[in-house]
file run-v7.tsv (TSV, C-alpha atoms)
chain	number	residue	atom	x	y	z
A	1	MET	CA	25.75	13.59	-23.16
A	2	THR	CA	22.75	12.67	-25.29
A	3	GLN	CA	19.42	14.42	-25.34
A	4	ARG	CA	16.21	12.61	-24.58
A	5	THR	CA	13.87	12.40	-27.50
A	6	THR	CA	10.11	12.13	-27.64
A	7	PRO	CA	10.21	8.44	-28.62
A	8	SER	CA	12.22	7.58	-25.49
A	9	TYR	CA	9.62	9.33	-23.32
A	10	LEU	CA	6.83	7.47	-25.12
A	11	LEU	CA	8.62	4.16	-24.67
A	12	ALA	CA	9.15	4.89	-20.98
A	13	ALA	CA	5.47	5.82	-20.59
A	14	MET	CA	4.31	2.62	-22.31
A	15	HIS	CA	6.57	0.48	-20.13
A	16	GLY	CA	5.34	2.33	-17.06
A	17	LEU	CA	1.67	1.78	-17.89
A	18	ILE	CA	2.17	-1.90	-18.70
A	19	GLY	CA	4.18	-2.36	-15.51
A	20	ILE	CA	1.64	-0.68	-13.25
A	21	GLY	CA	-1.23	-2.73	-14.67
A	22	ALA	CA	0.68	-6.00	-14.44
A	23	VAL	CA	1.83	-5.34	-10.88
A	24	ALA	CA	-1.77	-4.65	-9.83
A	25	GLY	CA	-3.13	-7.72	-11.64
A	26	GLY	CA	-0.33	-9.96	-10.42
A	27	LEU	CA	-0.83	-8.86	-6.82
A	28	MET	CA	-4.56	-9.51	-7.05
A	29	LEU	CA	-3.94	-13.00	-8.42
A	30	MET	CA	-1.38	-13.75	-5.70
A	31	ILE	CA	-3.73	-12.49	-2.97
A	32	ASP	CA	-6.67	-14.52	-4.32
A	33	PRO	CA	-5.34	-17.41	-6.46
A	34	SER	CA	-8.88	-18.56	-7.26
A	35	GLY	CA	-9.28	-15.61	-9.63
A	36	LYS	CA	-12.59	-14.52	-8.12
A	37	MET	CA	-11.23	-11.07	-7.21
A	38	LEU	CA	-10.71	-10.36	-10.92
A	39	ASN	CA	-13.76	-12.38	-12.07
A	40	ILE	CA	-11.56	-14.85	-13.95
A	41	PRO	CA	-13.20	-18.26	-14.37
A	42	ALA	CA	-11.16	-21.26	-13.21
A	43	SER	CA	-12.13	-22.97	-16.47
A	44	LEU	CA	-9.33	-21.01	-18.16
A	45	LEU	CA	-6.85	-23.29	-16.40
A	46	GLU	CA	-8.44	-26.60	-17.48
A	47	LYS	CA	-5.82	-27.51	-20.10
A	48	SER	CA	-2.89	-25.76	-18.44
A	49	PRO	CA	-0.32	-27.11	-15.99
A	50	PHE	CA	-1.69	-24.84	-13.25
A	51	THR	CA	-4.48	-25.64	-10.80
A	52	HIS	CA	-4.86	-22.06	-9.54
A	53	PHE	CA	-3.67	-18.59	-10.52
A	54	LEU	CA	-0.81	-18.20	-8.02
A	55	ILE	CA	2.07	-19.06	-10.39
A	56	PRO	CA	0.55	-17.14	-13.35
A	57	GLY	CA	0.07	-14.20	-10.96
A	58	MET	CA	3.72	-14.36	-9.93
A	59	ILE	CA	4.81	-14.48	-13.57
A	60	LEU	CA	2.55	-11.54	-14.38
A	61	PHE	CA	3.87	-9.58	-11.39
A	62	LEU	CA	7.57	-10.18	-12.04
A	63	MET	CA	7.95	-10.55	-15.81
A	64	LEU	CA	5.28	-8.16	-17.02
A	65	GLY	CA	5.18	-5.86	-14.00
A	66	VAL	CA	8.50	-5.38	-12.26
A	67	LEU	CA	10.75	-5.71	-15.31
A	68	PRO	CA	8.92	-3.09	-17.42
A	69	LEU	CA	9.00	-0.72	-14.43
A	70	LEU	CA	12.77	-1.21	-14.19
A	71	ILE	CA	13.07	-0.52	-17.91
A	72	CYS	CA	10.95	2.61	-17.49
A	73	ALA	CA	13.20	3.81	-14.69
A	74	ALA	CA	16.30	3.06	-16.75
A	75	LEU	CA	14.93	5.01	-19.71
A	76	LEU	CA	14.05	7.97	-17.56
A	77	ARG	CA	17.39	7.99	-15.74
A	78	ARG	CA	19.46	7.43	-18.89
A	79	TRP	CA	20.91	4.11	-17.79
A	80	TYR	CA	21.01	3.08	-21.42
A	81	THR	CA	23.72	3.63	-23.97
A	82	LEU	CA	23.15	4.65	-27.53

call {"tool": "encode", "arguments": {"input": "run-v7.tsv", "output": "structure tokens"}}
result
Amino acid sequence: MTQRTTPSYLLAAMHGLIGIGAVAGGLMLMIDPSGKMLNIPASLLEKSPFTHFLIPGMILFLMLGVLPLLICAALLRRWYTL
């Protein structure tokens, strides 16, 4: 059995903070795809393949929100191997 070190706690904390923020932002963009809830101007999407913030909100929610939270849980529960 390995001992947890301070860097693994710091890494878990960073992943947790990133995940919580991205889940909140992604949910807000999925609820209001116009971006008005977060005061994001639609002009940011002018030269992108998106017409509204629904797909970017889903990407933010899943890739930068849920996955880091899973990594945080794995670090805290020792689902990793050294």

call {"tool": "residues_around", "arguments": {"input": "run-v7.tsv", "residues": "stretch 43-56 of chain A", "least_positions_apart": "6", "cutoff": "7 Å", "atoms": "all atoms listed in the file", "output": "PyMOL selection string"}}
result
chain A and resi 29-30+33-35

call {"tool": "closest_residue", "arguments": {"input": "run-v7.tsv", "among": "A:Pro7, A:Ile31, A:Ile18, A:Ile40", "to": "A:Pro68", "atoms": "only C-alpha atoms"}}
result
A:Ile18

call {"tool": "atom_distance", "arguments": {"input": "run-v7.tsv", "atom1": "atom CA of A:Gly26", "atom2": "atom CA of A:Met58"}}
result
6.0 Å

call {"tool": "closest_residue", "arguments": {"input": "run-v7.tsv", "among": "A:Leu17, A:Ala42, A:Met37, A:Met28", "to": "A:Leu64", "atoms": "all atoms listed in the file"}}
result
A:Leu17

call {"tool": "closest_residue", "arguments": {"input": "run-v7.tsv", "among": "A:Leu27, A:Leu11, A:Ile59, A:Leu38", "to": "A:Ala74", "atoms": "only C-alpha atoms"}}
result
A:Leu11

call {"tool": "residues_around", "arguments": {"input": "run-v7.tsv", "residues": "A:Phe61", "least_positions_apart": "4", "cutoff": "7 Å", "atoms": "all atoms listed in the file", "output": "PyMOL selection string"}}
result
chain A and resi 22-23+26-27+57+65-66

call {"tool": "atom_distance", "arguments": {"input": "run-v7.tsv", "atom1": "atom CA of A:Ala73", "atom2": "atom CA of A:Gly25"}}
result
20.2 Å

call {"tool": "build_atoms", "arguments": {"input": "run-v7.tsv", "residues": "stretch 32-43 of chain A", "atoms": "all heavy atoms", "output": "mmCIF file, in the coordinates of the input"}}
result
data_model
loop_
_atom_site.group_PDB
_atom_site.id
_atom_site.type_symbol
_atom_site.label_atom_id
_atom_site.label_comp_id
_atom_site.auth_asym_id
_atom_site.auth_seq_id
_atom_site.Cartn_x
_atom_site.Cartn_y
_atom_site.Cartn_z
ATOM 1 N N ASP A 32 -5.544 -13.599 -4.158
ATOM 2 C CA ASP A 32 -6.670 -14.520 -4.320
ATOM 3 C C ASP A 32 -6.407 -15.416 -5.528
ATOM 4 O O ASP A 32 -6.824 -15.095 -6.635
ATOM 5 C CB ASP A 32 -7.967 -13.732 -4.508
ATOM 6 C CG ASP A 32 -9.184 -14.621 -4.662
ATOM 7 O OD1 ASP A 32 -9.114 -15.805 -4.263
ATOM 8 O OD2 ASP A 32 -10.201 -14.140 -5.185
ATOM 9 N N PRO A 33 -5.697 -16.541 -5.337
ATOM 10 C CA PRO A 33 -5.340 -17.410 -6.460
ATOM 11 C C PRO A 33 -6.520 -18.077 -7.154
ATOM 12 O O PRO A 33 -6.355 -18.675 -8.211
ATOM 13 C CB PRO A 33 -4.439 -18.476 -5.826
ATOM 14 C CG PRO A 33 -3.994 -17.920 -4.543
ATOM 15 C CD PRO A 33 -5.069 -16.974 -4.103
ATOM 16 N N SER A 34 -7.713 -17.965 -6.600
ATOM 17 C CA SER A 34 -8.880 -18.560 -7.260
ATOM 18 C C SER A 34 -9.311 -17.739 -8.467
ATOM 19 O O SER A 34 -10.027 -18.237 -9.333
ATOM 20 C CB SER A 34 -10.040 -18.687 -6.284
ATOM 21 O OG SER A 34 -10.527 -17.412 -5.919
ATOM 22 N N GLY A 35 -8.914 -16.477 -8.525
ATOM 23 C CA GLY A 35 -9.280 -15.610 -9.630
ATOM 24 C C GLY A 35 -10.602 -14.890 -9.452
ATOM 25 O O GLY A 35 -11.010 -14.115 -10.312
ATOM 26 N N LYS A 36 -11.271 -15.126 -8.339
ATOM 27 C CA LYS A 36 -12.590 -14.520 -8.120
ATOM 28 C C LYS A 36 -12.508 -13.009 -7.946
ATOM 29 O O LYS A 36 -13.437 -12.286 -8.295
ATOM 30 C CB LYS A 36 -13.270 -15.157 -6.920
ATOM 31 C CG LYS A 36 -13.678 -16.581 -7.174
ATOM 32 C CD LYS A 36 -14.352 -17.190 -5.979
ATOM 33 C CE LYS A 36 -14.688 -18.643 -6.276
ATOM 34 N NZ LYS A 36 -15.285 -19.299 -5.118
ATOM 35 N N MET A 37 -11.384 -12.514 -7.407
ATOM 36 C CA MET A 37 -11.230 -11.070 -7.210
ATOM 37 C C MET A 37 -11.252 -10.323 -8.544
ATOM 38 O O MET A 37 -11.733 -9.197 -8.630
ATOM 39 C CB MET A 37 -9.927 -10.776 -6.464
ATOM 40 C CG MET A 37 -9.763 -9.345 -6.044
ATOM 41 S SD MET A 37 -8.207 -9.022 -5.201
ATOM 42 C CE MET A 37 -8.494 -9.794 -3.629
ATOM 43 N N LEU A 38 -10.746 -10.969 -9.591
ATOM 44 C CA LEU A 38 -10.710 -10.360 -10.920
ATOM 45 C C LEU A 38 -11.792 -10.919 -11.845
ATOM 46 O O LEU A 38 -11.797 -10.642 -13.041
ATOM 47 C CB LEU A 38 -9.340 -10.588 -11.561
ATOM 48 C CG LEU A 38 -8.176 -9.871 -10.904
ATOM 49 C CD1 LEU A 38 -6.870 -10.292 -11.549
ATOM 50 C CD2 LEU A 38 -8.341 -8.377 -11.010
ATOM 51 N N ASN A 39 -12.698 -11.738 -11.294
ATOM 52 C CA ASN A 39 -13.760 -12.380 -12.070
ATOM 53 C C ASN A 39 -13.211 -13.211 -13.222
ATOM 54 O O ASN A 39 -13.755 -13.183 -14.334
ATOM 55 C CB ASN A 39 -14.768 -11.346 -12.590
ATOM 56 C CG ASN A 39 -15.547 -10.695 -11.481
ATOM 57 O OD1 ASN A 39 -15.852 -11.336 -10.476
ATOM 58 N ND2 ASN A 39 -15.855 -9.421 -11.636
ATOM 59 N N ILE A 40 -12.142 -13.954 -12.953
ATOM 60 C CA ILE A 40 -11.560 -14.850 -13.950
ATOM 61 C C ILE A 40 -12.067 -16.253 -13.658
ATOM 62 O O ILE A 40 -11.863 -16.772 -12.557
ATOM 63 C CB ILE A 40 -10.026 -14.825 -13.904
ATOM 64 C CG1 ILE A 40 -9.506 -13.425 -14.157
ATOM 65 C CG2 ILE A 40 -9.442 -15.800 -14.907
ATOM 66 C CD1 ILE A 40 -8.010 -13.287 -13.980
ATOM 67 N N PRO A 41 -12.706 -16.899 -14.631
ATOM 68 C CA PRO A 41 -13.200 -18.260 -14.370
ATOM 69 C C PRO A 41 -12.057 -19.266 -14.283
ATOM 70 O O PRO A 41 -11.080 -19.192 -15.026
ATOM 71 C CB PRO A 41 -14.103 -18.542 -15.568
ATOM 72 C CG PRO A 41 -13.611 -17.649 -16.641
ATOM 73 C CD PRO A 41 -13.054 -16.423 -15.957
ATOM 74 N N ALA A 42 -12.181 -20.216 -13.374
ATOM 75 C CA ALA A 42 -11.160 -21.260 -13.210
ATOM 76 C C ALA A 42 -11.104 -22.170 -14.431
ATOM 77 O O ALA A 42 -10.125 -22.890 -14.621
ATOM 78 C CB ALA A 42 -11.444 -22.064 -11.959
ATOM 79 N N SER A 43 -12.121 -22.131 -15.267
ATOM 80 C CA SER A 43 -12.130 -22.970 -16.470
ATOM 81 C C SER A 43 -11.018 -22.587 -17.449
ATOM 82 O O SER A 43 -10.668 -23.384 -18.319
ATOM 83 C CB SER A 43 -13.495 -22.874 -17.165
ATOM 84 O OG SER A 43 -13.731 -21.546 -17.597
#
